[in-house]
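The structure under discussion appears below in the form of structure tokens.
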Amino acid sequence: MEDLKDKRCPGCGARFQRNDPDGAGYLPEGKDPDGNVICKRCFQMKHYGVFKKASIKDSSIKKDISREVSGCSAIFLVVDICQFEISSSALDWVADLNKPVFVVINKCDVLSKWITPGEIASWASERLPVPLHRVYPLSALNRKSVRDLRNRIEDAFPPGSKILLLGTTNVGKSTLLSGLTGDDTPTISRLPGTTLGITQVKSRHSAITYVDVPGLKEVNPWLGKLCADCLTGLIPQKKLQSYSTVLKPGQSLSLGAIGWFVVDDAGERGWIKVEAFAADEMIFHRTTEDRLHELLAPYREDLFSLPCSSCWASLEGPDYVEYREDFHVGLDIVLPGCGWFSVRSGYGNGRFYLPKGISPILRPALVPSQKDRKGQSR
Ligand SMILES: Nc1nc2c(ncn2[C@@H]2O[C@H](COP(=O)(O)OP(=O)(O)OP(=O)(O)O)[C@@H](O)[C@H]2O)c(=O)[nH]1
Ligand SMILES: [Mg+2]
Ligand SMILES: [Zn+2]
Ligand SMILES: [Zn+2]
């Protein structure tokens with residue numbers, strides 16, 4: 001019998017197999033595993049945009065990474081600026097690996113309308129235990145910014161060094177690996193959880209080897225809760241969109257039906273101004289709390305689009321968990337993994353509703369208000 005045991009798909013790193021056509025690493029009969037072919041799942045993601053979840057546990061990913069790390073000179077933790085809290089939480093585990101740690105803040109392009117990569121790096125380094133000179137803001141889709149990072153790595157590490165790219169799912173590790181090495185074999189997709197095994201690629205530009213690994217999953221609470229289509233809907237493709245509005249007590253603002261908030265008190269003035277940020281596919285709803293509940297029960301998928309009806313049922317909507325928060329101008333209230341509300345004017349308090357296991361996070365505003373942006377050319 002043919003032995004596929006140690007052969008892996010160069011797209012996702014999964015072990016090749018010929019038994020389960022729906023599983024990762026499936027290679028149809030007649031395809032030669034040494035012939036630079038990719039598995040059926042990678043092929044479908046690459047050419048047809050068909051996304052299929054594959055199960056792989058953090059414990060096994062971490063075991064593989066811990067084994068790999070000893071031969072590496074440094075770790076580059078890739079963080080997604082749109083999912084900053086979720087993706088930077090991997091830093092705790094990375095710090096224990098006892099290697100120099102650098103942080104790449106990726107997907108800066110989706111915020112380019114409002115804020116520069118330099119401003120993003122300063123904001124991020126204030127919230128991370130990593131000095132600013134070890135924080136690289138970039139867009140893995142932008143050749144020049146990837147080339148700048150490559151040059152800095154080549155200046156800092158001798159030929160023969162190995163650099164480990166690490167992070168949570170979907171932050172752009174494989175995209176960055178492709179850009180740094182000039183090799184476009186790794187499969188890149190909108191679905192969190194694309195890469196399933198470790199792949200090492202030697203750069204075509206230098207004698208540095210880059211190592212791509214599966215993304216850590218457990219810190220992302222949405223992965224076990226949403227279908228592949230809903231998961232990809234949370235991720236901005238080109239830009240984030242923003243929506244500015246004024247809210248009075250009793251009024252609500254929702255990100256699809258993924259999460260929403262209701263203003264209870266808006267101080268003496270009686271209103272607050274909010275700017276919401278979310279992926280391009282998200283639909284913002286501003287209405288009264290009563291009207292919102294009419295639209296949610298029975299659930300109007302046509303109006304909210306995210307989540308789909310079946311995910312809505314499994315999230316137990318509309319019986320989300322309630323959180324009470326005070327807020328004031330200058331704060332972002334983050335619904336982790338799906339977007340955030342920036343308070344632009346006023347103060348008060350309200351209730352936030354999210355599915356079980358996900359709670360809002362408060363932070364200083366990432367994107368300055370329009371007033372503070374005025375006059376700055378970008
Ligand atoms: N807008 C934007 N999208 C990006 C950028 N880098 C990656 N992406 C997109 O983010 C998605 C995930 O990219 P991948 O490179 O597959 O991410 P990954 O970290 O390897 O993901 P896993 O293998 O699932 O852990 C894809 O849709 C990419 O096109 C970027 O700089 N800007
Ligand atoms: Mg990947
Ligand atoms: Zn594959
Ligand atoms: Zn769904």
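FYI, nothing fancy with the structure tokens labels: chains A, B, ... in order, residues from 1 per chain, ligands from 1 as they appear.
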
Enumerate the residues of segment 16-173 of chain A with a DSSP assignment of helix (DSSP H, G or I), computed from the backbone, and present them as a PyMOL selection string. chain A and resi 40-48+58-69+81-88+91-95+108-111+117-127+132-134+143-156+173

So that I can check the secondary structure, give me every residue of segment 91-324 of chain A assigned strand (DSSP E) by backbone DSSP, as a PyMOL selection string. chain A and resi 101-106+135-137+162-166+199-202+209-212+240-247+251-255+259-265+272-279+284-288+321-324

Long-range neighbours of segment 223-232 of chain A as a PyMOL selection string, 7 Å cut-off, only C-alpha atoms, 3 positions minimum in chain: chain A and resi 51-53+190-191+220+235+306-308+311+315

Could I get the residue neighbourhood of ligand 2 at 7 Å, counting only C-alpha atoms and all ligand atoms, as a PyMOL selection string? chain A and resi 170+172-174+187-188+194-195+212-215

Kindly provide the residues of segment 208-323 of chain A that approach segment 100-118 of chain A to within 9 Å, each paired with its closest atom pair and their distance in Å to one decimal, based on only C-alpha atoms, listed by chain and increasing number, as a tab-separated table.
```
residue	atom	partner	partner_atom	distance
A:Pro236	CA	A:Val110	CA	7.4
A:Gln237	CA	A:Val110	CA	8.0
A:Lys238	CA	A:Val110	CA	6.0
A:Lys239	CA	A:Val110	CA	4.1
A:Leu240	CA	A:Val110	CA	5.5
A:Gln241	CA	A:Val110	CA	8.8
```

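You can rank A:Thr168, A:Gly193, A:Ser87, A:Asp3 by their closest distance to ligand 3 using only C-alpha atoms and all ligand atoms, and at the top of that list sits A:Gly193.
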
Name all residues at most 8 Å from segment 328-345 of chain A (count only C-alpha atoms; drop same-chain ones fewer than 2 positions away) and give them as number ranges by chain. A: 82-83, 85-86, 220, 222, 234-235, 255, 258-259, 272-279, 326, 347-348, 354, 358-366, 369

With only C-alpha atoms and all ligand atoms counted, collect every polymer residue having an atom within 6 Å of ligand 3; state the result as a compact mmCIF listing (two decimals) with N, CA, C and O atoms, in the first residue's frame.
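Resulting contents of pocket.txt:
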```txt
# COMPACT_ATOMS: atom_id res chain seq x y z
N CYS A 9 0.24 18.46 2.65
CA CYS A 9 -0.24 19.41 1.63
C CYS A 9 0.55 20.71 1.78
O CYS A 9 0.57 21.29 2.87
N GLY A 11 -0.25 23.54 0.75
CA GLY A 11 -1.16 24.67 0.92
C GLY A 11 -1.51 24.90 2.38
O GLY A 11 -1.41 26.02 2.89
N CYS A 12 -1.91 23.83 3.08
CA CYS A 12 -2.41 24.00 4.46
C CYS A 12 -1.56 23.27 5.49
O CYS A 12 -1.77 23.43 6.69
N ALA A 14 -1.69 20.11 6.14
CA ALA A 14 -2.34 18.90 6.67
C ALA A 14 -1.69 17.66 6.05
O ALA A 14 -1.20 17.71 4.91
N GLY A 25 -6.68 17.49 3.80
CA GLY A 25 -5.55 16.71 3.27
C GLY A 25 -5.96 15.65 2.24
O GLY A 25 -5.11 14.88 1.80
N ILE A 38 -2.02 20.27 -4.21
CA ILE A 38 -2.61 20.63 -2.92
C ILE A 38 -3.84 19.75 -2.68
O ILE A 38 -4.36 19.14 -3.62
N CYS A 39 -4.29 19.70 -1.44
CA CYS A 39 -5.42 18.83 -1.10
C CYS A 39 -6.73 19.40 -1.64
O CYS A 39 -6.79 20.56 -2.05
N ARG A 41 -9.51 20.24 -0.10
CA ARG A 41 -10.04 21.40 0.66
C ARG A 41 -9.33 22.68 0.23
O ARG A 41 -9.96 23.72 -0.01
N CYS A 42 -7.99 22.64 0.12
CA CYS A 42 -7.24 23.82 -0.33
C CYS A 42 -7.66 24.23 -1.73
O CYS A 42 -7.85 25.41 -2.03
```

Give me the residues near Ile61 of chain A as a ChimeraX atom specification, where near means some atom within 10 Å (using only C-alpha atoms) and where sequence neighbours in that chain fewer than 5 positions away do not count. /A:56,66,196-198,213-217

Residue neighbourhood segment 283-295 of chain A, 6 Å, only C-alpha atoms, exclusion window fewer than 6 positions, as JSON, numbers by chain: {"A": [250, 251, 252, 253, 254, 255, 256]}

Would you please work out which residue, of A:Ile65, A:Val78, A:Val94, A:Leu132, is nearest to Leu177 of chain A when using only C-alpha atoms?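 The answer is A:Val78, which sits nearest to Leu177 of chain A.
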
So, with only C-alpha atoms and all ligand atoms as the atoms that count, which of A:Ala140, A:Cys72, A:Leu27, A:Ala124 lies closest to ligand 1? A:Ala140

So, with only C-alpha atoms as the atoms that count, which of A:Arg373, A:Lys99, A:Lys5, A:Arg150 lies closest to Val69 of chain A? A:Lys99
